[in-house]
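Below is the file target_27.pdb, which contains PDB, C-alpha atoms and all ligand atoms.
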ATOM      1  CA  MET S  15      12.689  41.987   8.485
ATOM      2  CA  THR S  16      12.960  41.759   4.683
ATOM      3  CA  GLN S  17      15.555  39.305   3.472
ATOM      4  CA  VAL S  18      18.282  40.882   1.275
ATOM      5  CA  ALA S  19      18.579  39.881  -2.407
ATOM      6  CA  ALA S  20      21.958  38.463  -3.473
ATOM      7  CA  GLN S  21      23.578  39.543  -6.782
ATOM      8  CA  THR S  22      23.117  36.449  -8.984
ATOM      9  CA  PRO S  23      21.469  35.926 -12.408
ATOM     10  CA  ASN S  24      17.675  36.134 -12.523
ATOM     11  CA  LEU S  25      15.854  32.916 -11.577
ATOM     12  CA  ARG S  26      13.379  32.241 -14.417
ATOM     13  CA  ILE S  27      10.050  30.880 -13.160
ATOM     14  CA  ALA S  28       7.248  28.935 -14.873
ATOM     15  CA  ILE S  29       3.874  28.394 -13.202
ATOM     16  CA  ALA S  30       1.758  25.326 -13.970
ATOM     17  CA  GLY S  31      -1.897  25.819 -12.972
ATOM     18  CA  LEU S  32      -3.635  29.196 -12.791
ATOM     19  CA  GLY S  33      -6.078  28.655  -9.936
ATOM     20  CA  ALA S  34      -6.145  30.382  -6.554
ATOM     21  CA  ILE S  35      -2.437  29.813  -5.860
ATOM     22  CA  GLY S  36      -1.059  30.168  -9.407
ATOM     23  CA  LYS S  37      -2.835  33.454 -10.113
ATOM     24  CA  SER S  38      -1.733  35.006  -6.834
ATOM     25  CA  ILE S  39       1.933  34.024  -7.318
ATOM     26  CA  SER S  40       1.873  35.168 -10.978
ATOM     27  CA  THR S  41       0.523  38.598 -10.030
ATOM     28  CA  THR S  42       3.239  39.146  -7.416
ATOM     29  CA  LEU S  43       6.106  37.900  -9.597
ATOM     30  CA  ALA S  44       5.020  39.758 -12.748
ATOM     31  CA  LYS S  45       5.168  43.061 -10.898
ATOM     32  CA  GLY S  46       8.724  42.328  -9.786
ATOM     33  CA  GLY S  47       7.672  41.437  -6.230
ATOM     34  CA  VAL S  48      10.785  39.299  -5.655
ATOM     35  CA  PRO S  49      14.055  40.882  -6.807
ATOM     36  CA  GLY S  50      16.081  38.516  -8.994
ATOM     37  CA  VAL S  51      13.056  36.340  -9.804
ATOM     38  CA  GLU S  52      11.379  36.627 -13.205
ATOM     39  CA  LEU S  53       8.109  35.017 -14.328
ATOM     40  CA  THR S  54       8.539  33.835 -17.933
ATOM     41  CA  ALA S  55       5.687  31.394 -18.708
ATOM     42  CA  VAL S  56       2.468  29.901 -17.395
ATOM     43  CA  SER S  57       0.368  26.885 -18.271
ATOM     44  CA  ALA S  58      -3.358  26.460 -17.712
ATOM     45  CA  LYS S  59      -6.186  24.135 -18.665
ATOM     46  CA  ASN S  60      -7.960  26.818 -20.689
ATOM     47  CA  HIS S  61      -5.476  28.864 -22.757
ATOM     48  CA  ASP S  62      -8.004  31.523 -23.792
ATOM     49  CA  LYS S  63      -8.886  32.282 -20.176
ATOM     50  CA  ALA S  64      -5.194  32.188 -19.283
ATOM     51  CA  LYS S  65      -4.382  34.752 -21.993
ATOM     52  CA  GLU S  66      -7.112  37.027 -20.601
ATOM     53  CA  PHE S  67      -5.558  36.703 -17.144
ATOM     54  CA  VAL S  68      -2.009  37.232 -18.422
ATOM     55  CA  ALA S  69      -3.172  40.474 -20.084
ATOM     56  CA  THR S  70      -3.915  41.830 -16.587
ATOM     57  CA  LEU S  71      -0.348  41.196 -15.384
ATOM     58  CA  ALA S  72       2.205  43.993 -15.028
ATOM     59  CA  ARG S  73       4.470  42.258 -17.584
ATOM     60  CA  PRO S  74       3.535  39.864 -20.422
ATOM     61  CA  VAL S  75       4.433  36.175 -20.094
ATOM     62  CA  LYS S  76       3.994  33.218 -22.445
ATOM     63  CA  VAL S  77       1.007  30.850 -22.167
ATOM     64  CA  LEU S  78       2.285  27.363 -23.054
ATOM     65  CA  ASN S  79       1.505  23.678 -22.819
ATOM     66  CA  ILE S  80       2.998  21.962 -19.763
ATOM     67  CA  ALA S  81       5.568  20.137 -21.926
ATOM     68  CA  ASP S  82       6.940  23.445 -23.255
ATOM     69  CA  LEU S  83       7.539  25.158 -19.892
ATOM     70  CA  GLU S  84      10.980  23.643 -19.273
ATOM     71  CA  LYS S  85      12.629  25.493 -22.183
ATOM     72  CA  GLU S  86      11.571  28.821 -20.649
ATOM     73  CA  ALA S  87      12.471  28.448 -16.976
ATOM     74  CA  ASP S  88      14.939  27.282 -14.332
ATOM     75  CA  LEU S  89      12.176  26.419 -11.876
ATOM     76  CA  VAL S  90       8.531  25.386 -12.197
ATOM     77  CA  ILE S  91       5.912  25.997  -9.522
ATOM     78  CA  GLU S  92       3.349  23.180  -9.614
ATOM     79  CA  CYS S  93      -0.019  24.543  -8.483
ATOM     80  CA  ALA S  94      -2.341  22.297 -10.476
ATOM     81  CA  PRO S  95      -4.579  19.289  -9.686
ATOM     82  CA  ALA S  96      -2.517  16.575  -7.963
ATOM     83  CA  ALA S  97      -2.750  14.108 -10.875
ATOM     84  CA  LEU S  98      -0.626  16.432 -13.061
ATOM     85  CA  LEU S  99       2.419  16.474 -10.773
ATOM     86  CA  PRO S 100       4.526  13.899 -12.740
ATOM     87  CA  GLU S 101       3.816  15.583 -16.091
ATOM     88  CA  ILE S 102       4.844  18.980 -14.693
ATOM     89  CA  ALA S 103       7.883  17.927 -12.634
ATOM     90  CA  THR S 104       9.565  15.314 -14.864
ATOM     91  CA  PRO S 105      10.964  17.585 -17.652
ATOM     92  CA  PHE S 106      12.486  19.951 -15.076
ATOM     93  CA  LEU S 107      14.036  17.155 -12.993
ATOM     94  CA  LYS S 108      15.459  15.465 -16.107
ATOM     95  CA  ALA S 109      17.072  18.815 -17.021
ATOM     96  CA  GLN S 110      18.578  19.094 -13.487
ATOM     97  CA  LYS S 111      16.315  22.030 -12.712
ATOM     98  CA  GLN S 112      14.044  22.842  -9.745
ATOM     99  CA  VAL S 113      10.402  22.171  -8.886
ATOM    100  CA  ILE S 114       8.282  23.706  -6.126
ATOM    101  CA  VAL S 115       5.492  21.230  -5.343
ATOM    102  CA  LEU S 116       2.137  22.359  -3.910
ATOM    103  CA  SER S 117       0.256  19.079  -4.497
ATOM    104  CA  VAL S 118       2.473  17.525  -1.831
ATOM    105  CA  GLY S 119       0.200  14.517  -1.267
ATOM    106  CA  ALA S 120       0.935  13.324  -4.809
ATOM    107  CA  LEU S 121       4.632  12.915  -3.919
ATOM    108  CA  LEU S 122       3.692   9.917  -1.743
ATOM    109  CA  PHE S 123       2.291   8.130  -4.784
ATOM    110  CA  HIS S 124       5.167   9.178  -7.082
ATOM    111  CA  PRO S 125       8.371   8.340  -5.177
ATOM    112  CA  GLU S 126      10.083   8.010  -8.583
ATOM    113  CA  LEU S 127      10.146  11.825  -8.759
ATOM    114  CA  ILE S 128      12.196  12.024  -5.561
ATOM    115  CA  ALA S 129      14.520   9.303  -6.908
ATOM    116  CA  MET S 130      14.804  11.172 -10.235
ATOM    117  CA  ALA S 131      15.852  14.387  -8.462
ATOM    118  CA  LYS S 132      18.483  12.472  -6.491
ATOM    119  CA  GLU S 133      19.863  10.554  -9.471
ATOM    120  CA  GLN S 134      19.793  13.340 -12.043
ATOM    121  CA  GLY S 135      20.653  16.345  -9.880
ATOM    122  CA  GLY S 136      17.375  18.297  -9.910
ATOM    123  CA  VAL S 137      15.766  19.662  -6.734
ATOM    124  CA  ILE S 138      12.222  19.297  -5.325
ATOM    125  CA  HIS S 139      11.150  21.947  -2.818
ATOM    126  CA  VAL S 140       8.120  21.521  -0.533
ATOM    127  CA  PRO S 141       7.125  24.917   0.889
ATOM    128  CA  THR S 142       5.527  25.171   4.314
ATOM    129  CA  GLY S 143       2.354  26.157   2.456
ATOM    130  CA  ALA S 144      -0.781  26.330   4.564
ATOM    131  CA  LEU S 145       1.066  24.918   7.561
ATOM    132  CA  ILE S 146       3.123  26.055  10.521
ATOM    133  CA  GLY S 147       6.261  24.797  12.197
ATOM    134  CA  LEU S 148       8.062  22.740   9.550
ATOM    135  CA  ASP S 149      11.257  24.405  10.805
ATOM    136  CA  ALA S 150      10.673  22.970  14.295
ATOM    137  CA  MET S 151       9.734  19.555  12.835
ATOM    138  CA  ILE S 152      12.913  19.191  10.787
ATOM    139  CA  ALA S 153      15.021  20.336  13.729
ATOM    140  CA  ALA S 154      13.291  17.826  16.045
ATOM    141  CA  ALA S 155      13.797  15.114  13.397
ATOM    142  CA  GLU S 156      17.572  15.495  13.872
ATOM    143  CA  GLY S 157      16.886  13.842  17.259
ATOM    144  CA  LYS S 158      14.096  11.413  18.217
ATOM    145  CA  ILE S 159      10.427  12.258  17.653
ATOM    146  CA  HIS S 160       8.048  10.240  19.844
ATOM    147  CA  SER S 161       4.731  11.288  18.268
ATOM    148  CA  VAL S 162       3.088  13.704  15.812
ATOM    149  CA  ARG S 163      -0.655  14.296  15.874
ATOM    150  CA  MET S 164      -2.695  16.793  13.911
ATOM    151  CA  VAL S 165      -6.343  17.814  14.140
ATOM    152  CA  THR S 166      -7.843  19.691  11.169
ATOM    153  CA  ARG S 167     -11.156  21.542  11.235
ATOM    154  CA  LYS S 168     -12.507  22.938   8.012
ATOM    155  CA  PRO S 169     -15.841  24.517   7.126
ATOM    156  CA  PRO S 170     -17.815  21.769   5.296
ATOM    157  CA  LYS S 171     -17.371  23.506   1.901
ATOM    158  CA  GLY S 172     -13.579  23.206   2.364
ATOM    159  CA  LEU S 173     -13.941  19.399   2.308
ATOM    160  CA  ALA S 174     -16.760  18.978  -0.199
ATOM    161  CA  GLY S 175     -16.159  16.442  -2.970
ATOM    162  CA  ALA S 176     -13.276  14.612  -1.253
ATOM    163  CA  PRO S 177     -13.012  10.965  -2.452
ATOM    164  CA  HIS S 178     -13.031   9.648   1.162
ATOM    165  CA  LEU S 179     -16.426  11.264   1.804
ATOM    166  CA  ILE S 180     -17.868   9.892  -1.433
ATOM    167  CA  GLU S 181     -16.486   6.348  -0.955
ATOM    168  CA  HIS S 182     -17.761   6.145   2.632
ATOM    169  CA  ASN S 183     -21.039   7.881   1.920
ATOM    170  CA  ILE S 184     -20.328  10.600   4.495
ATOM    171  CA  ASN S 185     -22.763  13.498   4.177
ATOM    172  CA  ILE S 186     -21.496  16.900   5.361
ATOM    173  CA  GLU S 187     -24.281  19.056   3.947
ATOM    174  CA  GLY S 188     -26.440  20.988   6.413
ATOM    175  CA  LEU S 189     -24.352  20.053   9.480
ATOM    176  CA  THR S 190     -25.338  21.841  12.673
ATOM    177  CA  GLU S 191     -22.437  20.520  14.741
ATOM    178  CA  ALA S 192     -18.873  19.334  14.077
ATOM    179  CA  LYS S 193     -18.536  15.863  12.571
ATOM    180  CA  LYS S 194     -15.354  13.756  12.562
ATOM    181  CA  VAL S 195     -14.971  12.520   8.976
ATOM    182  CA  PHE S 196     -11.530  10.858   9.136
ATOM    183  CA  GLU S 197      -9.078   9.391  11.620
ATOM    184  CA  GLY S 198      -5.917   7.759  10.356
ATOM    185  CA  ASN S 199      -2.431   8.402   9.016
ATOM    186  CA  ALA S 200      -1.102  10.949   6.515
ATOM    187  CA  ARG S 201      -0.847   8.423   3.666
ATOM    188  CA  ASP S 202      -4.541   7.515   3.902
ATOM    189  CA  ALA S 203      -5.448  11.204   4.278
ATOM    190  CA  ALA S 204      -3.520  12.023   1.076
ATOM    191  CA  LYS S 205      -5.484   9.328  -0.753
ATOM    192  CA  GLY S 206      -8.873  10.269   0.670
ATOM    193  CA  PHE S 207      -8.463  14.069   0.579
ATOM    194  CA  PRO S 208      -6.026  14.830  -2.294
ATOM    195  CA  ALA S 209      -7.154  18.450  -2.653
ATOM    196  CA  ASN S 210      -7.589  19.229   1.046
ATOM    197  CA  LEU S 211      -4.787  17.829   3.183
ATOM    198  CA  ASN S 212      -1.435  18.441   1.497
ATOM    199  CA  VAL S 213      -0.374  20.028   4.757
ATOM    200  CA  VAL S 214      -0.351  16.764   6.713
ATOM    201  CA  VAL S 215       1.883  15.204   4.055
ATOM    202  CA  ALA S 216       4.321  18.133   4.293
ATOM    203  CA  LEU S 217       4.341  17.612   8.072
ATOM    204  CA  ALA S 218       4.973  13.886   7.589
ATOM    205  CA  LEU S 219       7.826  14.434   5.124
ATOM    206  CA  ALA S 220       9.453  16.895   7.548
ATOM    207  CA  GLY S 221       9.069  14.535  10.508
ATOM    208  CA  VAL S 222       8.247  10.865  11.052
ATOM    209  CA  GLY S 223       6.827   9.879   7.653
ATOM    210  CA  PRO S 224       3.281   9.291   6.374
ATOM    211  CA  GLU S 225       2.532   6.093   8.313
ATOM    212  CA  ASN S 226       3.405   7.569  11.726
ATOM    213  CA  THR S 227       1.861  11.023  11.337
ATOM    214  CA  LEU S 228      -1.660  10.773  12.728
ATOM    215  CA  LEU S 229      -4.593  12.956  11.793
ATOM    216  CA  GLU S 230      -8.229  13.676  12.620
ATOM    217  CA  ILE S 231     -10.358  15.694  10.190
ATOM    218  CA  TRP S 232     -13.530  17.456  11.313
ATOM    219  CA  ALA S 233     -16.145  19.115   9.124
ATOM    220  CA  ASP S 234     -17.129  21.979  11.409
ATOM    221  CA  PRO S 235     -19.902  24.437  10.499
ATOM    222  CA  ALA S 236     -18.761  26.687  13.390
ATOM    223  CA  VAL S 237     -15.360  27.509  11.839
ATOM    224  CA  VAL S 238     -14.814  29.946   8.980
ATOM    225  CA  ARG S 239     -11.077  29.271   8.728
ATOM    226  CA  ASN S 240      -9.139  26.108   7.838
ATOM    227  CA  THR S 241      -7.697  25.283  11.255
ATOM    228  CA  HIS S 242      -4.797  22.899  11.878
ATOM    229  CA  THR S 243      -3.525  21.998  15.375
ATOM    230  CA  ILE S 244      -0.312  19.981  15.631
ATOM    231  CA  VAL S 245       1.040  18.341  18.792
ATOM    232  CA  VAL S 246       4.606  17.019  18.689
ATOM    233  CA  ASP S 247       6.552  15.191  21.380
ATOM    234  CA  SER S 248      10.294  14.671  20.871
ATOM    235  CA  ASP S 249      13.511  14.255  22.849
ATOM    236  CA  SER S 250      14.412  17.921  22.223
ATOM    237  CA  ALA S 251      11.070  19.688  22.659
ATOM    238  CA  LYS S 252       7.339  19.276  23.070
ATOM    239  CA  PHE S 253       5.320  21.717  20.996
ATOM    240  CA  THR S 254       1.724  22.517  20.128
ATOM    241  CA  MET S 255       0.906  24.779  17.193
ATOM    242  CA  THR S 256      -2.393  26.041  15.829
ATOM    243  CA  MET S 257      -2.904  27.743  12.492
ATOM    244  CA  GLU S 258      -6.183  29.402  11.425
ATOM    245  CA  ASN S 259      -6.053  29.961   7.660
ATOM    246  CA  ILE S 260      -8.289  32.453   5.904
ATOM    247  CA  PRO S 261      -9.522  30.690   2.752
ATOM    248  CA  SER S 262      -8.562  32.130  -0.649
ATOM    249  CA  GLU S 263     -10.963  32.340  -3.614
ATOM    250  CA  ASN S 264     -10.759  28.504  -3.470
ATOM    251  CA  PRO S 265     -12.406  27.522  -0.139
ATOM    252  CA  LYS S 266     -10.126  24.464   0.107
ATOM    253  CA  THR S 267      -6.964  26.597  -0.001
ATOM    254  CA  GLY S 268      -5.617  29.104   2.513
ATOM    255  CA  ARG S 269      -4.498  32.580   1.369
ATOM    256  CA  ILE S 270      -1.138  32.080   3.040
ATOM    257  CA  VAL S 271      -0.121  29.285   0.633
ATOM    258  CA  ALA S 272       0.838  31.626  -2.235
ATOM    259  CA  GLN S 273       2.655  33.879   0.239
ATOM    260  CA  SER S 274       4.628  30.878   1.506
ATOM    261  CA  VAL S 275       5.892  30.238  -2.052
ATOM    262  CA  ILE S 276       6.817  33.898  -2.509
ATOM    263  CA  ALA S 277       8.716  33.779   0.811
ATOM    264  CA  MET S 278      10.514  30.618  -0.340
ATOM    265  CA  LEU S 279      11.599  32.282  -3.615
ATOM    266  CA  ARG S 280      12.746  35.377  -1.729
ATOM    267  CA  LYS S 281      14.831  33.204   0.586
ATOM    268  CA  MET S 282      16.379  31.345  -2.369
ATOM    269  CA  LYS S 283      17.643  34.659  -3.766
ATOM    270  CA  SER S 284      18.712  36.114  -0.441
ATOM    271  CA  SER S 285      22.171  36.567   1.053
ATOM    272  CA  PHE S 286      20.575  36.781   4.524
ATOM    273  CA  LYS S 287      18.418  33.762   5.361
ATOM    274  CA  VAL S 288      16.233  33.464   8.458
ATOM    275  CA  GLY S 289      14.716  30.172   9.623
ATOM    276  CA  THR S 290      15.862  26.574   9.252
TER     277      THR S 290
HETATM  278  N1  LIG K   1       0.891  22.546   0.059
HETATM  279  C1  LIG K   1      -0.120  23.231   0.570
HETATM  280  O1  LIG K   1      -0.046  23.743   1.704
HETATM  281  C2  LIG K   1      -1.371  23.394  -0.209
HETATM  282  C3  LIG K   1      -1.495  22.798  -1.432
HETATM  283  N2  LIG K   1      -2.621  22.943  -2.181
HETATM  284  C4  LIG K   1      -2.689  22.225  -3.467
HETATM  285  O2  LIG K   1      -2.135  23.056  -4.494
HETATM  286  C5  LIG K   1      -2.786  22.748  -5.746
HETATM  287  C6  LIG K   1      -3.356  24.029  -6.354
HETATM  288  O3  LIG K   1      -4.283  24.603  -5.448
HETATM  289  P1  LIG K   1      -5.311  25.753  -5.874
HETATM  290  O4  LIG K   1      -4.606  26.808  -6.647
HETATM  291  O5  LIG K   1      -6.084  26.141  -4.680
HETATM  292  O6  LIG K   1      -6.272  24.921  -6.852
HETATM  293  P2  LIG K   1      -7.295  25.466  -7.958
HETATM  294  O7  LIG K   1      -8.264  24.367  -8.187
HETATM  295  O8  LIG K   1      -7.778  26.823  -7.606
HETATM  296  O9  LIG K   1      -6.332  25.606  -9.239
HETATM  297  C7  LIG K   1      -5.839  24.541  -9.998
HETATM  298  C8  LIG K   1      -5.760  25.040 -11.424
HETATM  299  O10 LIG K   1      -5.149  24.063 -12.269
HETATM  300  C9  LIG K   1      -5.802  24.115 -13.504
HETATM  301  N3  LIG K   1      -5.603  22.955 -14.366
HETATM  302  C10 LIG K   1      -6.401  21.867 -14.515
HETATM  303  N4  LIG K   1      -5.916  21.071 -15.488
HETATM  304  C11 LIG K   1      -4.811  21.678 -15.971
HETATM  305  C12 LIG K   1      -3.887  21.354 -17.000
HETATM  306  N5  LIG K   1      -4.011  20.253 -17.730
HETATM  307  N6  LIG K   1      -2.843  22.186 -17.234
HETATM  308  C13 LIG K   1      -2.670  23.314 -16.509
HETATM  309  N7  LIG K   1      -3.536  23.668 -15.502
HETATM  310  C14 LIG K   1      -4.584  22.861 -15.245
HETATM  311  C15 LIG K   1      -7.275  24.302 -13.123
HETATM  312  O11 LIG K   1      -8.013  24.802 -14.234
HETATM  313  C16 LIG K   1      -7.154  25.315 -12.009
HETATM  314  O12 LIG K   1      -7.194  26.642 -12.477
HETATM  315  C17 LIG K   1      -3.869  21.705  -5.435
HETATM  316  O13 LIG K   1      -3.369  20.393  -5.691
HETATM  317  C18 LIG K   1      -4.089  21.894  -3.939
HETATM  318  O14 LIG K   1      -4.561  20.721  -3.326
HETATM  319  C19 LIG K   1      -3.639  23.746  -1.746
HETATM  320  C20 LIG K   1      -3.553  24.367  -0.527
HETATM  321  C21 LIG K   1      -2.455  24.192   0.371
HETATM  322  O1  LIG K   2      -5.315  25.539   3.105
HETATM  323  C1  LIG K   2      -5.306  24.630   3.947
HETATM  324  O2  LIG K   2      -5.719  24.771   5.101
HETATM  325  C2  LIG K   2      -4.712  23.289   3.650
HETATM  326  C3  LIG K   2      -4.995  22.703   2.368
HETATM  327  O3  LIG K   2      -5.889  23.066   1.665
HETATM  328  C4  LIG K   2      -4.155  21.590   1.937
HETATM  329  O4  LIG K   2      -3.380  21.091   2.756
HETATM  330  O5  LIG K   2      -4.236  21.219   0.769
END
Show me the file's structure as structure tokens.
Amino acid sequence: MTQVAAQTPNLRIAIAGLGAIGKSISTTLAKGGVPGVELTAVSAKNHDKAKEFVATLARPVKVLNIADLEKEADLVIECAPAALLPEIATPFLKAQKQVIVLSVGALLFHPELIAMAKEQGGVIHVPTGALIGLDAMIAAAEGKIHSVRMVTRKPPKGLAGAPHLIEHNINIEGLTEAKKVFEGNARDAAKGFPANLNVVVALALAGVGPENTLLEIWADPAVVRNTHTIVVDSDSAKFTMTMENIPSENPKTGRIVAQSVIAMLRKMKSSFKVGT
């Protein structure tokens, strides 16, 4: 059921990063896809290419440097390479505004952003993104969680170039059967796979934290979708969830990620909210 828009002033949105996620969200917002939400500005690495893209949108928006986005918006959606998170989020948090973070792994290495939001009155939102069940995780976290385990299977091209593979000399080209390329906790996964495993960090932040959220990653030539299975045991419920994500134009990123952000914005503006 569609959530109902509340009568409040328009929420002005800036988007930082025009890749698979940023372009998809921009297209939906520019055509008025979320009532009460207005796209005002975008930032991109290549401004000429960004202007060409913006010309295809239903409504014109400004193409600006990251530092100039804050003047134009109440909320910035970070959908850029992880290293840019502090540069994108800081001006908005200092101005007591809001940030939606997609490069969730980077939050583990920049706890000062979470402290800044708390001290200065801004808000950081982590959408469910390419994952499933964050509502159940945060509800279970109100009680005692005994264990959280996740197994991720991606087609090899969805993992290619990850620092962990390069550092450990792990070759995933030409695989004929599934190969386990990582076993460890969410913090180490965020370091070793900064562009591939934001989801396990979101799961960790919703539940038992990055040290206690355990993960296996498999490069699997037999899968065409990014597949995440999560097994949780807690004093309120035991649950097992599997998500099979269809990749977007970026093979590392599921199509559902942009839709998750749109759903989050719709919920923010709604007078009828479903889900935790
Ligand atoms: N939370 C989640 O569930 C998920 C998060 N992600 C993360 O979201 C982020 C974006 O993902 P995608 O759109 O798939 O990546 P992408 O690689 O398709 O897009 C990133 C864009 O940022 C641009 N960029 C680079 N330097 C820039 C700069 N200085 N200023 C502005 N833009 C710049 C790049 O040119 C590129 O167009 C990544 O960090 C990715 O790991 C991806 C999938 C799921
Ligand atoms: O799309 C996915 O399956 C997950 C992903 O890339 C990420 O967590 O960064």
Pull the closest atom pair for each residue of chain S that gets at most 6 Å from ligand LIG 2 (chain K), along with the distance in Å to one decimal, counting only C-alpha atoms and all ligand atoms, ordering rows by chain and then ascending residue number, as a tab-separated table.
residue	atom	partner	partner_atom	distance
S:Ala144	CA	K:LIG2	O1	4.8
S:Ala209	CA	K:LIG2	O5	5.3
S:Asn210	CA	K:LIG2	O5	3.9
S:Leu211	CA	K:LIG2	O4	3.6
S:Asn212	CA	K:LIG2	O4	3.5
S:Val213	CA	K:LIG2	O4	3.8
S:Asn240	CA	K:LIG2	O2	4.6
S:Asn259	CA	K:LIG2	O2	5.8
S:Lys266	CA	K:LIG2	O3	4.7
S:Thr267	CA	K:LIG2	O1	3.7
S:Gly268	CA	K:LIG2	O1	3.6
Determine, counting all atoms listed in the file, which protein, DNA and RNA residues have an atom within 12 Å of an atom of S:Arg201; residues of the same chain fewer than 3 positions away are not included. Present the result as an NGL selection string.
:S and (118-123 or 197-198 or 204-208 or 211-219 or 222-229)
Find the residue from S:Val90, S:Ala81, S:Ala69, S:Val51 that sits nearest to S:Arg280; use all atoms listed in the file when measuring.
S:Val51
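The smallest atom-to-atom distance between ligand LIG 1 (chain K) and any of S:Ile114, S:Cys93, S:Val75, S:Val245, using all atoms listed in the file, is found for S:Cys93.
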Write out as a PyMOL selection string each polymer residue whose atoms come within 12 Å of S:Arg167, counting only C-alpha atoms; drop sequence neighbours fewer than 6 positions from it.
chain S and resi 173+191-196+210-211+229-244+256-259+266
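Using all atoms listed in the file, the smallest distance between any of S:Leu78, S:Ile276, S:Met255, S:Ala150 and ligand LIG 1 (chain K) comes from S:Leu78.
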For ligand LIG 1 (chain K), which residue among S:Ala103, S:Ala28, S:Leu116, S:Ala154 is the nearest when counting all atoms listed in the file?
S:Leu116
